[in-house]
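See below for the structure under consideration.
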Amino acid sequence: MDGNEELKEKLLDHSMTREELLLEHTHTFIAEYSYKTGQLEIYPEDGHFVDFDRKSLDTDFEHAFYKTVFKRDLPLYQQLIDFSGVTHSVQRDANIRLYVVPHIYEWFRISVLYYIDEDGERDRIVLAFTNAEKELEAVHELKSLVTVDSLTQLPNINTFSMQTWELLKNHPEREYAIVRMDIRKFRLLNEFYGTSEGDNVLRFLGVKLQECMDSEELYTYCHLTSDIFAVCMSSDMESICRVIDSIQTSMNHYPVNFEMVMSFGIYIITEKDKQERIPVVTMVDRAAIAQRVKNNYMNKIAVFDDKIAEKEYAEQNVIMEMNNALGSDQFHIYLQPKVDMITGRIVGSEALVRWIHPTKGVISPVDFVPIFEGNGFISEIDFYMLEQVCKMIRRWLDKGLEAKPVSVNLSRSNLYSPRILNDIMTCVERYSVPHDLIEFEITESAFAVDNIHLNQLMEQLQKNHFRVLMDDFGSGYSSLNALRELSVDILKIDIKFLPVSQNDKRADIILRSVTQMADQLGLEIVVEGVETEAQADLLKKMGCRIAQGFLYYRPMPIEEYERVLKKQK
Amino acid sequence: MEDLILIVDDARFARRIETKALQDAGFEHIVEAKTAKEALQIFEEQAPELTLLDITLPDNSDLTLLRTMIKIRPEAKIVMNSAIGQELIIQDALNAGARDFITKPFKEKEFIEKIVKVMKGN
């Protein structure tokens, strides 16, 4: 018969008193001790809801239930039965764990009633123990969820913040650092092995973090989210490196066929941070910025410093201003002419973006293009540029000015948009620009990713009589393969292929071979970055004709380009 | 020895947590070992009633120690303990003779309940 059945039987037993019924039904037992008589009474007599030795209770009530109370709750229990300070009959309550069988404890609500006699002396004490395991364990779990990460059982960010500030407050003489860590390409691990295995890895990392920090002196740690963990510890680099090595070594031993590489960012907490009480989350973010800015395949540890801070703030400024800049036409087209080296005449140009800020002046593309490529804003810039180029060509045609082809860059993020062809056609058609006056430059690195999709786009562009240039030919690893599979019209080769000296035979051979290959494939070649007459002469000898570079023209505003073209005419 | 629990883990943190959990649950006789060699010596000399064994030790990184202990005393109650929670590893350990497997991090109550269950022999 199980416990519930037994209880039902008892409750149906008509010989039980109401009091007995109530106690059974509510899983309660009561202990009443008289200080006058030294007598202890327990209802029900065997107190069968908890594990205690009846005989031991008789001998010493003060220590009664000590063996029954869960060790960690003993101080609370001691406080509860302590009569000192009690001047009149009163009740106190507490939640305490008691052993119900040896070693296994459950939650009980304990109500203690103190009875004082007329002389103010202790009369008796009544303890009512009610089993509340289900509710109180649930409350305990809920409280734990608020402070602890449920997957790894490590403190969460809120607890980490509180504990870190305690640490900084209690030990102001020491210097501390935040070390933020994550697993490189963790997303791939989840994809290859499933999130269940990903969770196993995170639990493992959490355990190893605790074990490794145990040998350090003063610290706090947490599991932030996903594969991100953080530690606050001594800023001594030797200690930090020791922790980092230990964690990486542990992760190397995780039994999965995946390179488990950790990335670490370090932020040294300053006095100013403590005085201003900057949020711990901000410190962790700074460590993350260091990782983002400095970490690469070789470099797995990055320390946040002023340079990174400046770079980050500059980047944030760019991001904050970019939409407004686009809306207020701060982005301008500059054109860099392409020149026929034999005739010296301009045969076309490349449209390049320049940011002319109303207060900061000209912002170099180096300072914003990588940021825009990183956050996807470059797609908007591409189409802005295309529209501006179309407008410009339309104006040339309407005014009877000479109109040479203009090449426009298409960034990688745009190439895979399903609407790209449609968007291009819409823009070009809006200004009725002849398609042979627009060319599209696509960087070689884009060809490495998805050739099928890209080839479809390029074929469509060519079908619509646009010319397509492969920019930075030879800079990546897939140029030849791309050439075989993709339809391009023009190869754009960078200056670095040019021999640096007369003795640079390899570069000489490579360039000659490329020009011959292009010729045989019916492709044009444009060489960019030409800066000297010697380079130009060499290129001409090799059969290259079209060049772009400072030897001929720098990128220039549209008006200047128009003047130069007019002069040429 | 009856009621003696042997904790085998190279991590001081783990040994401390487990010892405290067991002591708070009323287990009084607990002994610790940091390496497979130490563990085997204690296992042979003191015959603990239950052994809590981490899979990864400096001188034993698989189930060899478990198998050795089972060979010495087939009736030995050994509970594997590891931060690696892969199902295959758990199954291998159970097949090799472990009575149960506790994955770290554990909740204390569940940890004690498993220990008690194994000690009772269920």
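Every chain in the structure tokens has a letter given in the order shown (A, B, ...), and although residue numbers restart at 1 in each chain, ligands are simply numbered from 1 in the order shown.
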
Expected answer as a PyMOL selection string: chain A residues within 10 Å of chain B, only C-alpha atoms
chain A and resi 67-73+99+102-106+151-154+196-197+199-208+210-215+253-256

Written selection (N, CA and C atoms) as a tab-separated table (two decimals), in the first residue's frame:
chain	number	residue	atom	x	y	z
A	67	LYS	N	19.27	16.53	15.27
A	67	LYS	CA	19.67	15.56	14.25
A	67	LYS	C	18.63	15.46	13.15
A	68	THR	N	17.47	15.98	13.43
A	68	THR	CA	16.40	15.93	12.44
A	68	THR	C	16.48	17.12	11.49
A	69	VAL	N	17.03	18.22	11.97
A	69	VAL	CA	17.09	19.43	11.16
A	69	VAL	C	18.27	19.34	10.20
A	70	PHE	N	18.04	19.71	8.97
A	70	PHE	CA	19.10	19.76	7.95
A	70	PHE	C	20.19	20.69	8.46
A	71	LYS	N	21.43	20.24	8.36
A	71	LYS	CA	22.55	20.94	9.02
A	71	LYS	C	22.61	22.42	8.71
A	72	ARG	N	22.39	22.77	7.46
A	72	ARG	CA	22.53	24.18	7.09
A	72	ARG	C	21.43	25.05	7.70
A	73	ASP	N	20.34	24.41	8.10
A	73	ASP	CA	19.23	25.18	8.67
A	73	ASP	C	19.28	25.20	10.19
A	99	TYR	N	15.09	16.07	7.91
A	99	TYR	CA	15.29	14.76	7.29
A	99	TYR	C	14.01	13.95	7.48
A	102	PRO	N	16.74	8.95	6.66
A	102	PRO	CA	18.16	9.31	6.77
A	102	PRO	C	18.72	9.91	5.48
A	103	HIS	N	19.30	11.06	5.60
A	103	HIS	CA	19.98	11.81	4.54
A	103	HIS	C	19.06	12.55	3.57
A	104	ILE	N	17.81	12.21	3.53
A	104	ILE	CA	16.91	12.88	2.58
A	104	ILE	C	16.06	13.89	3.35
A	105	TYR	N	16.10	15.13	2.92
A	105	TYR	CA	15.38	16.18	3.65
A	105	TYR	C	14.28	16.79	2.79
A	106	GLU	N	13.30	17.32	3.47
A	106	GLU	CA	12.22	18.02	2.79
A	106	GLU	C	11.93	19.31	3.54
A	151	LEU	N	20.98	26.51	-16.86
A	151	LEU	CA	21.73	25.49	-17.59
A	151	LEU	C	23.03	25.13	-16.88
A	152	THR	N	23.78	26.13	-16.48
A	152	THR	CA	25.11	25.87	-15.94
A	152	THR	C	25.16	25.95	-14.42
A	153	GLN	N	24.08	26.44	-13.80
A	153	GLN	CA	24.03	26.64	-12.34
A	153	GLN	C	25.03	27.70	-11.88
A	154	LEU	N	25.55	28.48	-12.80
A	154	LEU	CA	26.45	29.57	-12.41
A	154	LEU	C	25.62	30.81	-12.14
A	196	SER	N	21.58	20.09	-28.07
A	196	SER	CA	21.74	19.27	-26.86
A	196	SER	C	23.21	19.09	-26.53
A	197	GLU	N	24.00	18.81	-27.53
A	197	GLU	CA	25.44	18.69	-27.32
A	197	GLU	C	26.04	20.06	-27.01
A	199	ASP	N	24.60	22.34	-25.35
A	199	ASP	CA	24.32	22.55	-23.93
A	199	ASP	C	25.31	21.76	-23.06
A	200	ASN	N	25.61	20.55	-23.49
A	200	ASN	CA	26.60	19.74	-22.75
A	200	ASN	C	27.93	20.49	-22.65
A	201	VAL	N	28.32	21.08	-23.77
A	201	VAL	CA	29.59	21.82	-23.82
A	201	VAL	C	29.55	23.01	-22.86
A	202	LEU	N	28.43	23.70	-22.84
A	202	LEU	CA	28.33	24.88	-21.97
A	202	LEU	C	28.36	24.48	-20.50
A	203	ARG	N	27.68	23.38	-20.19
A	203	ARG	CA	27.71	22.90	-18.78
A	203	ARG	C	29.14	22.53	-18.40
A	204	PHE	N	29.80	21.87	-19.34
A	204	PHE	CA	31.19	21.46	-19.12
A	204	PHE	C	32.06	22.69	-18.88
A	205	LEU	N	31.90	23.70	-19.71
A	205	LEU	CA	32.70	24.93	-19.57
A	205	LEU	C	32.41	25.60	-18.23
A	206	GLY	N	31.14	25.62	-17.85
A	206	GLY	CA	30.77	26.21	-16.57
A	206	GLY	C	31.46	25.51	-15.41
A	207	VAL	N	31.49	24.20	-15.46
A	207	VAL	CA	32.12	23.42	-14.39
A	207	VAL	C	33.62	23.70	-14.36
A	208	LYS	N	34.23	23.68	-15.54
A	208	LYS	CA	35.68	23.89	-15.61
A	208	LYS	C	36.05	25.31	-15.16
A	210	GLN	N	34.47	27.05	-12.86
A	210	GLN	CA	34.42	27.04	-11.40
A	210	GLN	C	35.65	26.36	-10.82
A	211	GLU	N	36.02	25.23	-11.41
A	211	GLU	CA	37.15	24.47	-10.88
A	211	GLU	C	38.45	25.27	-11.02
A	212	CYS	N	38.59	25.95	-12.15
A	212	CYS	CA	39.85	26.66	-12.37
A	212	CYS	C	39.91	27.92	-11.51
A	213	MET	N	38.79	28.60	-11.30
A	213	MET	CA	38.81	29.82	-10.50
A	213	MET	C	39.03	29.51	-9.02
A	214	ASP	N	38.75	28.29	-8.64
A	214	ASP	CA	38.87	27.90	-7.23
A	214	ASP	C	40.28	28.12	-6.69
A	215	SER	N	41.27	28.05	-7.58
A	215	SER	CA	42.64	28.22	-7.11
A	215	SER	C	43.07	29.70	-7.09
A	253	HIS	N	40.14	19.11	-24.14
A	253	HIS	CA	39.89	17.71	-23.79
A	253	HIS	C	38.44	17.31	-23.91
A	254	TYR	N	37.60	18.23	-24.34
A	254	TYR	CA	36.19	17.85	-24.47
A	254	TYR	C	36.06	16.87	-25.64
A	255	PRO	N	35.41	15.75	-25.43
A	255	PRO	CA	35.42	14.70	-26.46
A	255	PRO	C	34.42	14.95	-27.59
A	256	VAL	N	34.80	15.83	-28.48
A	256	VAL	CA	33.96	16.03	-29.66
A	256	VAL	C	34.89	16.40	-30.80

Among stretch 278-397 of chain A, which ones does DSSP place in strand (DSSP E or B), written as a tab-separated table (two decimals) with N, CA and C atoms, in the first residue's frame?
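Listing of selection_8.tsv after writing:
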chain	number	residue	atom	x	y	z
A	301	ILE	N	43.51	36.42	-27.42
A	301	ILE	CA	43.33	37.22	-26.20
A	301	ILE	C	43.47	38.68	-26.59
A	302	ALA	N	42.51	39.48	-26.21
A	302	ALA	CA	42.56	40.90	-26.56
A	302	ALA	C	42.29	41.73	-25.33
A	303	VAL	N	43.11	42.75	-25.13
A	303	VAL	CA	42.92	43.63	-23.98
A	303	VAL	C	42.38	44.97	-24.45
A	331	PHE	N	26.79	61.97	-48.82
A	331	PHE	CA	27.63	61.07	-49.62
A	331	PHE	C	27.67	61.59	-51.06
A	332	HIS	N	28.88	61.69	-51.57
A	332	HIS	CA	29.06	62.24	-52.92
A	332	HIS	C	29.77	61.23	-53.80
A	333	ILE	N	29.55	61.40	-55.09
A	333	ILE	CA	30.28	60.56	-56.04
A	333	ILE	C	31.57	61.28	-56.43
A	334	TYR	N	32.63	60.56	-56.36
A	334	TYR	CA	33.87	60.98	-56.99
A	334	TYR	C	34.13	59.99	-58.12
A	335	LEU	N	34.68	60.50	-59.19
A	335	LEU	CA	34.96	59.62	-60.33
A	335	LEU	C	36.47	59.52	-60.53
A	336	GLN	N	36.93	58.29	-60.68
A	336	GLN	CA	38.35	58.14	-61.05
A	336	GLN	C	38.40	57.63	-62.48
A	337	PRO	N	38.94	58.44	-63.37
A	337	PRO	CA	38.95	58.04	-64.77
A	337	PRO	C	39.77	56.79	-65.03
A	338	LYS	N	39.32	56.05	-66.05
A	338	LYS	CA	40.11	54.93	-66.59
A	338	LYS	C	40.66	55.44	-67.92
A	339	VAL	N	41.92	55.16	-68.13
A	339	VAL	CA	42.61	55.78	-69.25
A	339	VAL	C	43.16	54.73	-70.20
A	340	ASP	N	43.06	55.02	-71.50
A	340	ASP	CA	43.75	54.20	-72.52
A	340	ASP	C	45.20	54.66	-72.50
A	346	ILE	N	40.65	59.38	-71.77
A	346	ILE	CA	39.73	58.79	-70.78
A	346	ILE	C	38.71	57.94	-71.53
A	347	VAL	N	38.54	56.70	-71.05
A	347	VAL	CA	37.58	55.80	-71.71
A	347	VAL	C	36.40	55.44	-70.80
A	348	GLY	N	36.50	55.88	-69.59
A	348	GLY	CA	35.43	55.57	-68.65
A	348	GLY	C	35.87	56.01	-67.27
A	349	SER	N	35.10	55.61	-66.25
A	349	SER	CA	35.50	55.96	-64.88
A	349	SER	C	34.86	55.00	-63.90
A	350	GLU	N	35.41	55.05	-62.68
A	350	GLU	CA	34.81	54.26	-61.60
A	350	GLU	C	34.20	55.25	-60.62
A	351	ALA	N	33.00	54.98	-60.20
A	351	ALA	CA	32.33	55.83	-59.20
A	351	ALA	C	32.74	55.38	-57.81
A	352	LEU	N	33.25	56.32	-57.04
A	352	LEU	CA	33.70	56.02	-55.67
A	352	LEU	C	32.95	56.93	-54.69
A	353	VAL	N	32.67	56.40	-53.55
A	353	VAL	CA	31.89	57.18	-52.59
A	353	VAL	C	32.82	58.02	-51.71
A	354	ARG	N	32.39	59.24	-51.46
A	354	ARG	CA	33.08	60.11	-50.52
A	354	ARG	C	32.05	60.69	-49.56
A	355	TRP	N	32.45	60.75	-48.30
A	355	TRP	CA	31.53	61.29	-47.29
A	355	TRP	C	32.05	62.68	-46.94
A	356	ILE	N	31.24	63.70	-47.28
A	356	ILE	CA	31.65	65.07	-46.95
A	356	ILE	C	30.73	65.56	-45.84
A	357	HIS	N	31.29	65.50	-44.66
A	357	HIS	CA	30.52	65.82	-43.45
A	357	HIS	C	30.45	67.34	-43.29
A	361	GLY	N	34.24	67.64	-42.31
A	361	GLY	CA	34.94	67.65	-43.58
A	361	GLY	C	34.91	66.29	-44.25
A	362	VAL	N	35.94	66.02	-45.06
A	362	VAL	CA	35.97	64.77	-45.84
A	362	VAL	C	36.34	63.60	-44.92
A	363	ILE	N	35.47	62.61	-44.88
A	363	ILE	CA	35.76	61.39	-44.10
A	363	ILE	C	36.24	60.34	-45.08

Using only C-alpha atoms, which residues sit within 8 Å of B:Ala39 once same-chain residues fewer than 6 positions away are excluded, as a list of chain:residue names?
B:Leu6, B:Val8, B:Glu32, B:Ala33

If you run DSSP over the backbone, which residues in chain B end up alpha helix (DSSP H)? Put them as a PyMOL selection string.
chain B and resi 12-24+36-46+64-72+87-95+108-120

Distance query A:Arg467 at most 8 Å, only C-alpha atoms, self and fewer than 4 positions along chain excluded, as number ranges by chain:
A: 436, 438-440, 461-462, 488-490

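Of the residues listed (A:Val281, A:Lys274, A:Ile183, A:Ile266), A:Ile266 shows the shortest atom-to-atom separation from A:Phe304; distances use only C-alpha atoms.
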
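Closest to B:Ala96 among B:Val31, B:Leu63, B:Val118, B:Ile17 is B:Leu63, based on only C-alpha atoms.
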
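Of the residues under consideration (A:Glu175, A:Glu402, A:Glu321, A:Glu118), A:Glu402 shows the shortest atom-to-atom contact distance to A:Tyr561 when counting only C-alpha atoms.
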
As a PyMOL selection string, please: the residues near stretch 67-80 of chain B (cut-off 10 Å, only C-alpha atoms, same-chain neighbours under 4 positions excluded).
chain B and resi 5-8+39-40+43-44+47-55+62-63+90+93-94+96-103+114-115+118-121

Save out the residues we just selected, N, CA, C and O atoms, as a tab-separated table (two decimals), in the first residue's frame.
chain	number	residue	atom	x	y	z
B	5	ILE	N	32.29	6.86	2.26
B	5	ILE	CA	32.14	7.28	0.87
B	5	ILE	C	33.50	7.80	0.40
B	5	ILE	O	34.13	8.62	1.08
B	6	LEU	N	33.91	7.32	-0.75
B	6	LEU	CA	35.17	7.77	-1.35
B	6	LEU	C	34.85	8.70	-2.50
B	6	LEU	O	34.10	8.33	-3.41
B	7	ILE	N	35.40	9.91	-2.44
B	7	ILE	CA	35.20	10.88	-3.53
B	7	ILE	C	36.50	10.97	-4.32
B	7	ILE	O	37.55	11.28	-3.75
B	8	VAL	N	36.41	10.68	-5.61
B	8	VAL	CA	37.61	10.73	-6.45
B	8	VAL	C	37.45	11.81	-7.50
B	8	VAL	O	36.62	11.70	-8.41
B	39	ALA	N	43.14	6.77	-5.35
B	39	ALA	CA	41.78	6.20	-5.24
B	39	ALA	C	41.84	4.69	-5.10
B	39	ALA	O	41.15	4.09	-4.27
B	40	LEU	N	42.67	4.09	-5.92
B	40	LEU	CA	42.76	2.63	-5.91
B	40	LEU	C	43.30	2.13	-4.58
B	40	LEU	O	42.83	1.12	-4.02
B	43	PHE	N	40.57	2.46	-2.06
B	43	PHE	CA	39.52	1.49	-2.41
B	43	PHE	C	39.88	0.09	-1.90
B	43	PHE	O	39.04	-0.63	-1.36
B	44	GLU	N	41.15	-0.23	-2.09
B	44	GLU	CA	41.60	-1.57	-1.67
B	44	GLU	C	41.73	-1.68	-0.16
B	44	GLU	O	41.36	-2.67	0.45
B	47	ALA	N	37.93	-0.21	1.52
B	47	ALA	CA	36.68	-0.76	0.97
B	47	ALA	C	35.48	0.15	1.24
B	47	ALA	O	34.57	-0.19	2.00
B	48	PRO	N	35.45	1.31	0.64
B	48	PRO	CA	34.32	2.23	0.87
B	48	PRO	C	33.01	1.61	0.41
B	48	PRO	O	32.99	0.81	-0.52
B	49	GLU	N	31.95	2.00	1.06
B	49	GLU	CA	30.65	1.47	0.68
B	49	GLU	C	30.23	2.04	-0.68
B	49	GLU	O	29.60	1.36	-1.48
B	50	LEU	N	30.58	3.31	-0.89
B	50	LEU	CA	30.23	3.91	-2.17
B	50	LEU	C	31.41	4.75	-2.66
B	50	LEU	O	32.06	5.44	-1.87
B	51	THR	N	31.65	4.68	-3.96
B	51	THR	CA	32.72	5.50	-4.56
B	51	THR	C	32.11	6.42	-5.59
B	51	THR	O	31.36	6.00	-6.47
B	52	LEU	N	32.45	7.70	-5.45
B	52	LEU	CA	32.00	8.70	-6.41
B	52	LEU	C	33.21	9.04	-7.27
B	52	LEU	O	34.19	9.58	-6.78
B	53	LEU	N	33.13	8.68	-8.55
B	53	LEU	CA	34.34	8.67	-9.37
B	53	LEU	C	34.22	9.59	-10.59
B	53	LEU	O	33.33	9.42	-11.41
B	54	ASP	N	35.12	10.57	-10.68
B	54	ASP	CA	35.16	11.43	-11.86
B	54	ASP	C	35.84	10.66	-12.99
B	54	ASP	O	36.83	9.97	-12.76
B	55	ILE	N	35.30	10.82	-14.18
B	55	ILE	CA	35.86	10.06	-15.31
B	55	ILE	C	37.26	10.56	-15.65
B	55	ILE	O	38.15	9.78	-15.94
B	62	ASP	N	39.69	7.57	-18.81
B	62	ASP	CA	38.57	6.82	-19.38
B	62	ASP	C	37.99	5.93	-18.28
B	62	ASP	O	38.08	6.27	-17.11
B	63	LEU	N	37.44	4.80	-18.66
B	63	LEU	CA	36.75	3.96	-17.67
B	63	LEU	C	37.66	2.87	-17.07
B	63	LEU	O	37.17	1.95	-16.42
B	90	ILE	N	27.79	8.06	-20.73
B	90	ILE	CA	26.98	7.60	-19.60
B	90	ILE	C	26.67	6.11	-19.77
B	90	ILE	O	26.84	5.31	-18.84
B	93	ALA	N	29.65	3.86	-19.19
B	93	ALA	CA	29.97	3.73	-17.76
B	93	ALA	C	29.01	2.75	-17.08
B	93	ALA	O	29.43	1.90	-16.29
B	94	LEU	N	27.75	2.85	-17.41
B	94	LEU	CA	26.77	1.94	-16.80
B	94	LEU	C	27.03	0.51	-17.26
B	94	LEU	O	26.95	-0.44	-16.47
B	96	ALA	N	29.85	-0.66	-17.99
B	96	ALA	CA	31.10	-1.13	-17.38
B	96	ALA	C	30.94	-1.44	-15.90
B	96	ALA	O	31.89	-1.88	-15.25
B	97	GLY	N	29.75	-1.19	-15.37
B	97	GLY	CA	29.51	-1.59	-13.98
B	97	GLY	C	29.17	-0.47	-13.02
B	97	GLY	O	28.93	-0.71	-11.83
B	98	ALA	N	29.15	0.77	-13.49
B	98	ALA	CA	28.75	1.86	-12.59
B	98	ALA	C	27.27	1.71	-12.25
B	98	ALA	O	26.49	1.32	-13.10
B	99	ARG	N	26.91	2.05	-11.01
B	99	ARG	CA	25.50	1.92	-10.59
B	99	ARG	C	24.68	3.10	-11.07
B	99	ARG	O	23.48	2.96	-11.26
B	100	ASP	N	25.32	4.24	-11.22
B	100	ASP	CA	24.60	5.42	-11.68
B	100	ASP	C	25.61	6.44	-12.19
B	100	ASP	O	26.83	6.24	-12.08
B	101	PHE	N	25.08	7.50	-12.75
B	101	PHE	CA	25.95	8.53	-13.34
B	101	PHE	C	25.39	9.89	-12.96
B	101	PHE	O	24.21	10.15	-13.16
B	102	ILE	N	26.25	10.73	-12.40
B	102	ILE	CA	25.80	12.09	-12.05
B	102	ILE	C	26.55	13.08	-12.92
B	102	ILE	O	27.79	13.09	-12.94
B	103	THR	N	25.80	13.89	-13.66
B	103	THR	CA	26.44	14.89	-14.52
B	103	THR	C	26.58	16.19	-13.75
B	103	THR	O	25.63	16.64	-13.11
B	114	LYS	N	20.37	10.40	-5.39
B	114	LYS	CA	21.02	9.34	-6.16
B	114	LYS	C	21.98	8.55	-5.27
B	114	LYS	O	22.03	7.31	-5.34
B	115	ILE	N	22.74	9.25	-4.44
B	115	ILE	CA	23.69	8.58	-3.56
B	115	ILE	C	22.95	7.62	-2.62
B	115	ILE	O	23.34	6.46	-2.44
B	118	VAL	N	21.65	4.55	-4.44
B	118	VAL	CA	22.69	3.55	-4.75
B	118	VAL	C	23.14	2.84	-3.48
B	118	VAL	O	23.34	1.63	-3.47
B	119	MET	N	23.25	3.59	-2.40
B	119	MET	CA	23.70	2.97	-1.14
B	119	MET	C	22.69	1.96	-0.64
B	119	MET	O	23.06	0.96	-0.03
B	120	LYS	N	21.42	2.22	-0.91
B	120	LYS	CA	20.40	1.27	-0.48
B	120	LYS	C	20.44	0.03	-1.35
B	120	LYS	O	19.84	-0.98	-1.01
B	121	GLY	N	21.07	0.20	-2.50
B	121	GLY	CA	21.24	-0.96	-3.37
B	121	GLY	C	20.12	-1.13	-4.35
B	121	GLY	O	19.96	-2.15	-4.98

So which residues touch A:Gln291 within 12 Å, counting only C-alpha atoms, skipping near sequence neighbours fewer than 2 positions away, as a short mmCIF file (atom, residue, chain, number, x, y, z; two decimals) with N, CA and C atoms, in the first residue's frame?
data_model
loop_
_atom_site.label_atom_id
_atom_site.label_comp_id
_atom_site.auth_asym_id
_atom_site.auth_seq_id
_atom_site.Cartn_x
_atom_site.Cartn_y
_atom_site.Cartn_z
N VAL A 179 37.24 39.45 -17.40
CA VAL A 179 37.66 38.59 -18.51
C VAL A 179 36.40 37.97 -19.09
N ARG A 180 36.16 38.30 -20.32
CA ARG A 180 34.98 37.77 -21.00
C ARG A 180 35.44 36.67 -21.94
N MET A 181 34.70 35.58 -22.00
CA MET A 181 35.16 34.50 -22.88
C MET A 181 33.97 33.89 -23.63
N ASP A 182 34.28 33.41 -24.82
CA ASP A 182 33.26 32.67 -25.55
C ASP A 182 33.96 31.63 -26.43
N ILE A 183 33.14 30.78 -27.03
CA ILE A 183 33.69 29.69 -27.84
C ILE A 183 33.58 30.10 -29.30
N ARG A 184 34.68 30.12 -29.99
CA ARG A 184 34.64 30.51 -31.40
C ARG A 184 33.80 29.52 -32.19
N MET A 262 38.75 28.94 -27.58
CA MET A 262 38.14 30.00 -26.78
C MET A 262 38.69 31.35 -27.23
N SER A 263 37.84 32.36 -27.13
CA SER A 263 38.29 33.72 -27.40
C SER A 263 38.11 34.51 -26.11
N PHE A 264 39.11 35.33 -25.78
CA PHE A 264 39.07 36.05 -24.51
C PHE A 264 39.22 37.56 -24.72
N GLY A 265 38.40 38.32 -24.03
CA GLY A 265 38.56 39.78 -24.04
C GLY A 265 38.75 40.23 -22.60
N ILE A 266 39.66 41.19 -22.41
CA ILE A 266 39.99 41.61 -21.05
C ILE A 266 39.76 43.11 -20.92
N TYR A 267 39.09 43.47 -19.86
CA TYR A 267 38.94 44.90 -19.56
C TYR A 267 39.44 45.14 -18.15
N VAL A 284 31.83 44.43 -19.23
CA VAL A 284 31.84 43.20 -20.02
C VAL A 284 31.77 43.55 -21.51
N ASP A 285 30.95 44.54 -21.83
CA ASP A 285 30.85 45.00 -23.23
C ASP A 285 32.19 45.49 -23.75
N ARG A 286 32.93 46.17 -22.92
CA ARG A 286 34.23 46.68 -23.35
C ARG A 286 35.20 45.53 -23.63
N ALA A 287 35.11 44.52 -22.81
CA ALA A 287 35.93 43.34 -23.06
C ALA A 287 35.51 42.71 -24.39
N ALA A 288 34.21 42.75 -24.68
CA ALA A 288 33.70 42.20 -25.94
C ALA A 288 34.21 43.02 -27.13
N ILE A 289 34.27 44.33 -26.93
CA ILE A 289 34.76 45.20 -28.01
C ILE A 289 36.22 44.86 -28.33
N VAL A 293 37.48 43.77 -31.96
CA VAL A 293 38.43 44.60 -32.70
C VAL A 293 39.75 43.87 -32.92
N LYS A 294 40.19 43.16 -31.89
CA LYS A 294 41.56 42.65 -31.96
C LYS A 294 41.67 41.16 -32.26
N ASN A 295 40.65 40.40 -31.89
CA ASN A 295 40.80 38.94 -32.04
C ASN A 295 40.83 38.53 -33.50
N ASN A 296 41.70 37.62 -33.81
CA ASN A 296 41.67 36.99 -35.12
C ASN A 296 42.10 35.55 -34.93
N TYR A 297 42.36 34.86 -36.02
CA TYR A 297 42.66 33.44 -35.91
C TYR A 297 43.85 33.18 -35.00
N ASN A 299 45.23 35.49 -32.83
CA ASN A 299 45.20 36.24 -31.60
C ASN A 299 43.92 35.94 -30.84
N LYS A 300 44.04 35.20 -29.73
CA LYS A 300 42.81 34.78 -29.05
C LYS A 300 42.55 35.59 -27.79
N ILE A 301 43.51 36.42 -27.42
CA ILE A 301 43.33 37.22 -26.20
C ILE A 301 43.47 38.68 -26.59
N ALA A 302 42.51 39.48 -26.21
CA ALA A 302 42.56 40.90 -26.56
C ALA A 302 42.29 41.73 -25.33
N VAL A 303 43.11 42.75 -25.13
CA VAL A 303 42.92 43.63 -23.98
C VAL A 303 42.38 44.97 -24.45
N PHE A 304 41.34 45.42 -23.82
CA PHE A 304 40.75 46.70 -24.17
C PHE A 304 41.71 47.82 -23.79
N ASP A 305 41.97 48.73 -24.71
CA ASP A 305 42.82 49.87 -24.37
C ASP A 305 42.23 51.14 -24.98
N ILE A 308 41.47 51.13 -28.71
CA ILE A 308 40.24 50.40 -29.04
C ILE A 308 39.04 51.26 -28.70
N GLU A 312 36.31 52.35 -31.25
CA GLU A 312 34.92 51.97 -31.02
C GLU A 312 34.01 53.19 -31.01
#

Of the residues B:Asn95, B:Asp9, B:Phe111, B:Lys117, which is the one nearest to B:Glu38, using only C-alpha atoms?
B:Asp9
